file entry_14.txt (compact mmCIF, C-alpha atoms and all ligand atoms)
# COMPACT_ATOMS: atom_id res chain seq x y z
CA MET A 277 -26.62 -95.97 5.49
CA PRO A 278 -27.65 -97.22 2.02
CA LYS A 279 -26.85 -94.81 -0.84
CA PHE A 280 -29.98 -94.41 -2.97
CA SER A 281 -30.01 -93.83 -6.70
CA ALA A 282 -33.23 -92.75 -8.41
CA ASN A 283 -34.04 -94.91 -11.41
CA LEU A 284 -35.37 -92.28 -13.78
CA SER A 285 -36.86 -94.82 -16.18
CA PHE A 286 -39.38 -95.48 -13.38
CA LEU A 287 -39.44 -92.39 -11.12
CA TYR A 288 -40.67 -88.87 -11.99
CA ALA A 289 -42.17 -90.25 -15.20
CA GLU A 290 -44.52 -87.22 -15.37
CA VAL A 291 -41.69 -84.98 -16.70
CA PRO A 292 -39.04 -85.44 -19.43
CA LEU A 293 -35.90 -87.38 -18.49
CA ILE A 294 -33.56 -84.38 -18.22
CA GLU A 295 -35.93 -82.66 -15.77
CA ARG A 296 -36.15 -85.79 -13.63
CA ILE A 297 -32.49 -85.33 -12.63
CA ALA A 298 -33.19 -82.09 -10.72
CA LEU A 299 -36.28 -83.57 -9.04
CA ALA A 300 -34.26 -86.55 -7.81
CA ALA A 301 -31.64 -84.21 -6.36
CA GLU A 302 -34.31 -82.10 -4.60
CA ASP A 303 -35.67 -85.28 -3.01
CA GLY A 304 -32.29 -86.22 -1.59
CA PHE A 305 -31.11 -88.92 -4.01
CA GLY A 306 -27.33 -88.95 -4.33
CA ALA A 307 -27.36 -90.41 -7.82
CA VAL A 308 -29.53 -91.28 -10.78
CA GLU A 309 -29.66 -94.23 -13.17
CA TYR A 310 -31.82 -95.14 -16.16
CA VAL A 311 -32.21 -97.73 -18.86
CA SER A 312 -30.64 -95.71 -21.66
CA PRO A 313 -29.00 -92.30 -22.17
CA TYR A 314 -28.38 -92.68 -25.90
CA ALA A 315 -31.33 -90.64 -27.20
CA HIS A 316 -29.88 -87.64 -25.35
CA ASP A 317 -26.86 -85.46 -25.93
CA LYS A 318 -24.25 -86.56 -23.40
CA ALA A 319 -23.14 -82.96 -22.77
CA VAL A 320 -26.73 -82.01 -21.88
CA LEU A 321 -27.00 -84.96 -19.48
CA ALA A 322 -23.62 -84.15 -17.93
CA GLY A 323 -24.67 -80.51 -17.50
CA ALA A 324 -27.93 -81.48 -15.80
CA LEU A 325 -26.06 -83.79 -13.39
CA LYS A 326 -23.61 -81.03 -12.54
CA VAL A 327 -26.25 -78.37 -11.96
CA ALA A 328 -28.30 -80.75 -9.79
CA GLY A 329 -25.23 -82.00 -7.89
CA VAL A 330 -25.99 -85.69 -8.30
CA LYS A 331 -23.89 -88.53 -9.65
CA GLN A 332 -24.65 -90.92 -12.48
CA ALA A 333 -24.68 -94.39 -10.86
CA LEU A 334 -25.51 -96.66 -13.80
CA PHE A 335 -27.05 -97.15 -17.22
CA ASN A 336 -27.31 -100.06 -19.63
CA LEU A 337 -25.27 -100.98 -22.66
CA PRO A 338 -27.29 -100.39 -25.86
CA ALA A 339 -30.05 -102.99 -25.71
CA GLY A 340 -31.34 -103.25 -29.29
CA ASP A 341 -34.77 -102.09 -30.45
CA TRP A 342 -36.60 -101.57 -27.14
CA GLU A 343 -39.88 -100.54 -28.81
CA ALA A 344 -39.85 -103.79 -30.80
CA GLY A 345 -39.47 -105.78 -27.58
CA GLU A 346 -35.73 -106.36 -27.58
CA ARG A 347 -34.15 -106.40 -24.12
CA GLY A 348 -30.41 -106.57 -24.70
CA LEU A 349 -27.94 -107.99 -27.16
CA GLY A 350 -25.72 -109.96 -24.79
CA CYS A 351 -26.75 -113.50 -25.73
CA LEU A 352 -27.64 -112.95 -29.40
CA PRO A 353 -25.18 -114.82 -31.64
CA ASP A 354 -25.96 -112.83 -34.79
CA ARG A 355 -25.61 -109.41 -33.09
CA VAL A 356 -22.03 -109.56 -31.79
CA ASP A 357 -20.77 -106.74 -34.04
CA GLU A 358 -23.61 -104.52 -32.90
CA PHE A 359 -22.84 -105.41 -29.26
CA ARG A 360 -19.22 -104.33 -29.76
CA ARG A 361 -20.14 -101.06 -31.46
CA GLY A 362 -22.64 -100.39 -28.67
CA LEU A 363 -19.92 -100.95 -26.10
CA ASP A 364 -17.81 -98.18 -27.65
CA MET A 365 -20.74 -95.78 -27.52
CA ALA A 366 -21.50 -96.76 -23.92
CA ILE A 367 -17.89 -96.09 -22.86
CA ASP A 368 -18.09 -92.70 -24.52
CA TYR A 369 -21.23 -91.81 -22.58
CA ALA A 370 -19.95 -93.29 -19.31
CA LEU A 371 -16.78 -91.19 -19.48
CA ALA A 372 -18.77 -88.04 -20.24
CA LEU A 373 -21.16 -88.74 -17.35
CA ASP A 374 -18.49 -90.04 -14.96
CA CYS A 375 -20.55 -93.20 -14.58
CA PRO A 376 -18.78 -95.94 -12.59
CA THR A 377 -20.82 -98.97 -13.70
CA LEU A 378 -22.57 -100.22 -16.84
CA ASN A 379 -25.21 -102.97 -16.97
CA CYS A 380 -25.32 -105.52 -19.79
CA LEU A 381 -28.79 -106.85 -20.59
CA ALA A 382 -28.54 -110.49 -21.66
CA GLY A 383 -31.50 -110.31 -24.05
CA ILE A 384 -34.53 -112.42 -24.93
CA ALA A 385 -33.55 -115.94 -25.95
CA PRO A 386 -34.40 -116.37 -29.64
CA LYS A 387 -36.67 -119.35 -30.32
CA GLY A 388 -34.97 -122.43 -31.71
CA VAL A 389 -31.40 -121.47 -30.82
CA ASP A 390 -29.46 -123.86 -28.60
CA LYS A 391 -29.28 -122.44 -25.05
CA ALA A 392 -25.63 -123.46 -24.74
CA LYS A 393 -24.84 -121.29 -27.74
CA LEU A 394 -26.62 -118.34 -26.10
CA ASP A 395 -24.62 -118.92 -22.91
CA ARG A 396 -21.37 -118.99 -24.87
CA THR A 397 -22.25 -115.81 -26.76
CA LEU A 398 -23.16 -113.98 -23.56
CA ALA A 399 -19.99 -115.15 -21.78
CA GLU A 400 -17.83 -114.14 -24.77
CA ASN A 401 -19.46 -110.72 -25.02
CA LEU A 402 -18.96 -110.13 -21.29
CA ALA A 403 -15.36 -111.33 -21.57
CA TYR A 404 -14.84 -108.89 -24.45
CA ALA A 405 -16.43 -105.96 -22.63
CA ALA A 406 -15.04 -106.36 -19.08
CA PRO A 407 -11.34 -105.61 -19.76
CA ARG A 408 -12.18 -102.75 -22.13
CA LEU A 409 -14.37 -101.20 -19.47
CA ALA A 410 -11.72 -101.81 -16.80
CA GLU A 411 -9.23 -99.89 -18.92
CA ALA A 412 -11.64 -96.95 -18.88
CA GLY A 413 -12.17 -97.30 -15.11
CA ILE A 414 -15.74 -98.59 -15.48
CA GLY A 415 -17.25 -101.68 -13.84
CA LEU A 416 -19.50 -104.16 -15.67
CA VAL A 417 -22.57 -105.84 -14.17
CA PHE A 418 -25.37 -108.05 -15.49
CA GLU A 419 -28.70 -108.87 -13.95
CA PRO A 420 -30.96 -111.90 -13.62
CA ILE A 421 -34.51 -110.79 -14.57
CA ASN A 422 -37.64 -112.76 -13.71
CA GLN A 423 -39.56 -114.67 -16.38
CA ARG A 424 -42.94 -113.21 -15.52
CA ASP A 425 -42.01 -109.61 -16.35
CA MET A 426 -39.71 -110.57 -19.20
CA PRO A 427 -40.71 -113.92 -20.68
CA ASP A 428 -37.78 -115.79 -22.27
CA TYR A 429 -35.17 -113.39 -20.87
CA HIS A 430 -32.02 -115.46 -21.03
CA VAL A 431 -30.78 -115.14 -17.41
CA SER A 432 -33.29 -115.34 -14.56
CA THR A 433 -31.40 -116.85 -11.64
CA THR A 434 -28.17 -116.22 -9.80
CA ASP A 435 -27.12 -119.86 -10.44
CA HIS A 436 -27.29 -119.22 -14.17
CA ALA A 437 -25.52 -115.86 -13.80
CA GLU A 438 -22.73 -117.47 -11.78
CA ALA A 439 -22.29 -120.15 -14.45
CA ILE A 440 -21.98 -117.41 -17.10
CA MET A 441 -19.42 -115.57 -14.94
CA ALA A 442 -17.39 -118.77 -14.61
CA MET A 443 -17.49 -119.24 -18.40
CA ALA A 444 -16.46 -115.62 -19.00
CA GLY A 445 -13.58 -116.01 -16.54
CA VAL A 446 -12.76 -112.32 -16.31
CA GLU A 447 -12.15 -109.76 -13.60
CA ASN A 448 -14.37 -106.65 -13.59
CA LEU A 449 -17.62 -108.56 -13.98
CA LYS A 450 -20.22 -108.45 -11.22
CA LEU A 451 -23.90 -109.01 -10.62
CA GLN A 452 -26.71 -106.51 -10.47
CA TYR A 453 -28.85 -107.91 -7.66
CA ASP A 454 -32.42 -106.69 -8.13
CA PHE A 455 -34.38 -107.74 -5.05
CA TYR A 456 -37.67 -107.54 -6.98
CA HIS A 457 -36.56 -110.02 -9.63
CA MET A 458 -34.92 -112.21 -7.01
CA GLN A 459 -38.14 -112.40 -4.98
CA ILE A 460 -40.02 -113.72 -8.03
CA SER A 461 -37.31 -115.96 -9.45
CA GLN A 462 -35.87 -117.61 -6.38
CA GLY A 463 -36.59 -115.91 -3.01
CA ASP A 464 -34.05 -116.40 -0.21
CA LEU A 465 -33.32 -112.70 -0.61
CA VAL A 466 -30.87 -111.79 2.13
CA PRO A 467 -29.00 -115.12 2.39
CA GLY A 468 -28.67 -115.07 -1.41
CA PHE A 469 -27.34 -111.53 -1.29
CA GLU A 470 -24.93 -112.38 1.53
CA ARG A 471 -23.55 -115.41 -0.29
CA LEU A 472 -22.84 -113.33 -3.40
CA LEU A 473 -21.84 -110.08 -1.68
CA ALA A 474 -18.29 -109.95 -3.03
CA ARG A 475 -19.65 -110.40 -6.56
CA ILE A 476 -22.41 -107.78 -6.42
CA GLY A 477 -21.72 -104.41 -8.03
CA HIS A 478 -25.15 -102.79 -7.99
CA VAL A 479 -28.46 -103.32 -6.18
CA GLN A 480 -32.01 -102.42 -7.24
CA ILE A 481 -35.20 -102.47 -5.18
CA ALA A 482 -38.97 -102.55 -5.62
CA ASP A 483 -41.66 -104.35 -3.67
CA HIS A 484 -43.69 -107.32 -4.83
CA PRO A 485 -46.41 -107.71 -6.06
CA GLY A 486 -46.81 -104.64 -8.27
CA ARG A 487 -43.21 -103.42 -8.44
CA HIS A 488 -44.13 -100.39 -6.31
CA GLU A 489 -42.38 -98.59 -3.45
CA PRO A 490 -40.77 -100.50 -0.57
CA GLY A 491 -43.47 -101.06 2.05
CA THR A 492 -46.30 -101.72 -0.42
CA GLY A 493 -45.84 -105.47 -0.69
CA GLU A 494 -44.45 -108.64 0.81
CA ILE A 495 -40.72 -107.81 0.95
CA ASN A 496 -39.47 -106.66 4.37
CA TYR A 497 -37.29 -103.79 3.15
CA GLY A 498 -36.51 -102.66 6.70
CA PHE A 499 -34.76 -105.99 7.18
CA VAL A 500 -33.22 -106.01 3.69
CA LEU A 501 -31.73 -102.50 3.88
CA GLU A 502 -30.44 -103.07 7.41
CA ALA A 503 -28.76 -106.21 6.10
CA LEU A 504 -27.05 -104.27 3.29
CA ASP A 505 -25.64 -101.92 5.95
CA ARG A 506 -24.67 -104.71 8.33
CA LEU A 507 -22.90 -106.57 5.52
CA GLY A 508 -21.05 -103.41 4.47
CA PHE A 509 -22.48 -103.12 0.96
CA ASP A 510 -21.26 -99.71 -0.18
CA GLY A 511 -22.58 -99.62 -3.75
CA TRP A 512 -25.63 -97.74 -5.01
CA VAL A 513 -29.13 -98.99 -4.29
CA GLY A 514 -31.25 -98.19 -7.35
CA CYS A 515 -34.89 -97.34 -6.66
CA GLU A 516 -36.38 -99.08 -9.68
CA TYR A 517 -40.07 -99.07 -8.84
CA ARG A 518 -43.33 -97.72 -10.25
CA PRO A 519 -44.74 -95.21 -7.78
CA LEU A 520 -48.26 -96.11 -6.65
CA THR A 521 -49.30 -92.45 -7.04
CA THR A 522 -46.60 -89.83 -7.63
CA THR A 523 -42.91 -90.31 -6.90
CA ARG A 524 -42.95 -87.62 -4.19
CA GLU A 525 -46.02 -88.93 -2.40
CA GLY A 526 -44.41 -92.33 -2.31
CA LEU A 527 -41.06 -91.34 -0.79
CA GLY A 528 -42.14 -91.77 2.85
CA TRP A 529 -40.33 -95.12 3.09
CA MET A 530 -36.96 -93.37 2.50
CA LYS A 531 -37.17 -90.97 5.49
CA ARG A 532 -35.88 -93.60 7.89
CA TRP A 533 -32.70 -93.94 5.83
CA ARG A 534 -31.76 -90.27 5.53
O1 LIG B 1 -35.95 -104.24 -15.58
C1 LIG B 1 -34.94 -104.23 -14.87
O2 LIG B 1 -34.92 -104.72 -13.75
C2 LIG B 1 -33.68 -103.56 -15.34
O3 LIG B 1 -32.82 -103.22 -14.33
C3 LIG B 1 -33.47 -102.97 -16.61
O4 LIG B 1 -32.64 -102.09 -16.73
C4 LIG B 1 -34.20 -103.41 -17.82
O5 LIG B 1 -35.52 -103.08 -17.78
MG MG B 2 -33.46 -104.12 -12.40

call {"tool": "encode", "arguments": {"input": "entry_14.txt", "output": "structure tokens", "more": "lines below"}}
Ligand SMILES: O=C(O)[C@H](O)C(=O)CO
Ligand SMILES: [Mg+2]
result
Amino acid sequence: MPKFSANLSFLYAEVPLIERIALAAEDGFGAVEYVSPYAHDKAVLAGALKVAGVKQALFNLPAGDWEAGERGLGCLPDRVDEFRRGLDMAIDYALALDCPTLNCLAGIAPKGVDKAKLDRTLAENLAYAAPRLAEAGIGLVFEPINQRDMPDYHVSTTDHAEAIMAMAGVENLKLQYDFYHMQISQGDLVPGFERLLARIGHVQIADHPGRHEPGTGEINYGFVLEALDRLGFDGWVGCEYRPLTTTREGLGWMKRWR
């Protein structure tokens, strides 16, 4: 049975983040994840997880100035110091929240900078972070994101991500396989997942078009989720979709998997 994590940057958006944790638990999610915990006191977050009885599955390394359009520091050659400082803060939060996995956002490719230099910077940052996270008992993932939702995001395909992993050459580095982005960037969803299974540390789901609940679009999530089970994927499956109406009204698709 897939283990579902509620992505609180998308679900229960009608209430503040801390309150979303209890709602996710009431609806049967075993874990929560979100883009960023850093605006919140880690003790408050840890307390809310404990009271609700859910785990923290994932969050992202500090990703720069989100409001200004930044989407990660991973590939940015002039932000390496900031990346490293952010890593320390992320480890601090992950230990307080008992979070097993952190996601590194590669970032938007700056105009006019050689792509090979961006690749090298990303690989070096991942190679710096992975062993430090391993020492703290935390896994590292990074995620290809489609160009339509995030124009100029540096990594959009699994081929590119695999090349970066080969350059980084470290243990403790896996992929975040987001079926929504994969559908837009390259398709071949289940065979692609199966080929990379041993290198996948976290999964996320949403339907396409619209990035809404499974069952609202063209992706056959019955088939996809059965495949995850059949293939023995035992990581968290993050529900990273925008509910068509409210989160609760849109949870019908999950009943089959309880
Ligand atoms: O957008 C996504 O798919 C991500 O998983 C993310 O965390 C950045 O928005
Ligand atoms: Mg995602």

call {"tool": "closest_residue", "arguments": {"input": "entry_14.txt", "among": "A:Ala339, A:Met277, A:Leu465, A:Val500", "to": "ligand LIG 1 (chain B)", "atoms": "all atoms listed in the file"}}
result
A:Ala339

call {"tool": "residues_around", "arguments": {"input": "entry_14.txt", "residues": "A:Ile440", "least_positions_apart": "3", "cutoff": "12 Å", "atoms": "all atoms listed in the file", "output": "MDAnalysis selection string"}}
result
chainID A and resid 350:351 382 391:403 417:420 430:437 443:446 449:451

call {"tool": "closest_residue", "arguments": {"input": "entry_14.txt", "among": "A:Ala307, A:Leu293, A:Leu378, A:Ile421", "to": "ligand LIG 1 (chain B)", "atoms": "all atoms listed in the file"}}
result
A:Ile421

call {"tool": "residues_near_ligand", "arguments": {"input": "entry_14.txt", "ligand": "ligand LIG 1 (chain B)", "cutoff": "9 Å", "atoms": "only C-alpha atoms and all ligand atoms", "output": "MDAnalysis selection string"}}
result
chainID A and resid 283 285 310:312 335:336 339 347:348 379:381 418:422 425:426 452 454 456:457 480:481 514 516

call {"tool": "closest_residue", "arguments": {"input": "entry_14.txt", "among": "A:Glu525, A:Asp374, A:Glu309, A:Asp364", "to": "ligand MG 2 (chain B)", "atoms": "only C-alpha atoms and all ligand atoms"}}
result
A:Glu309
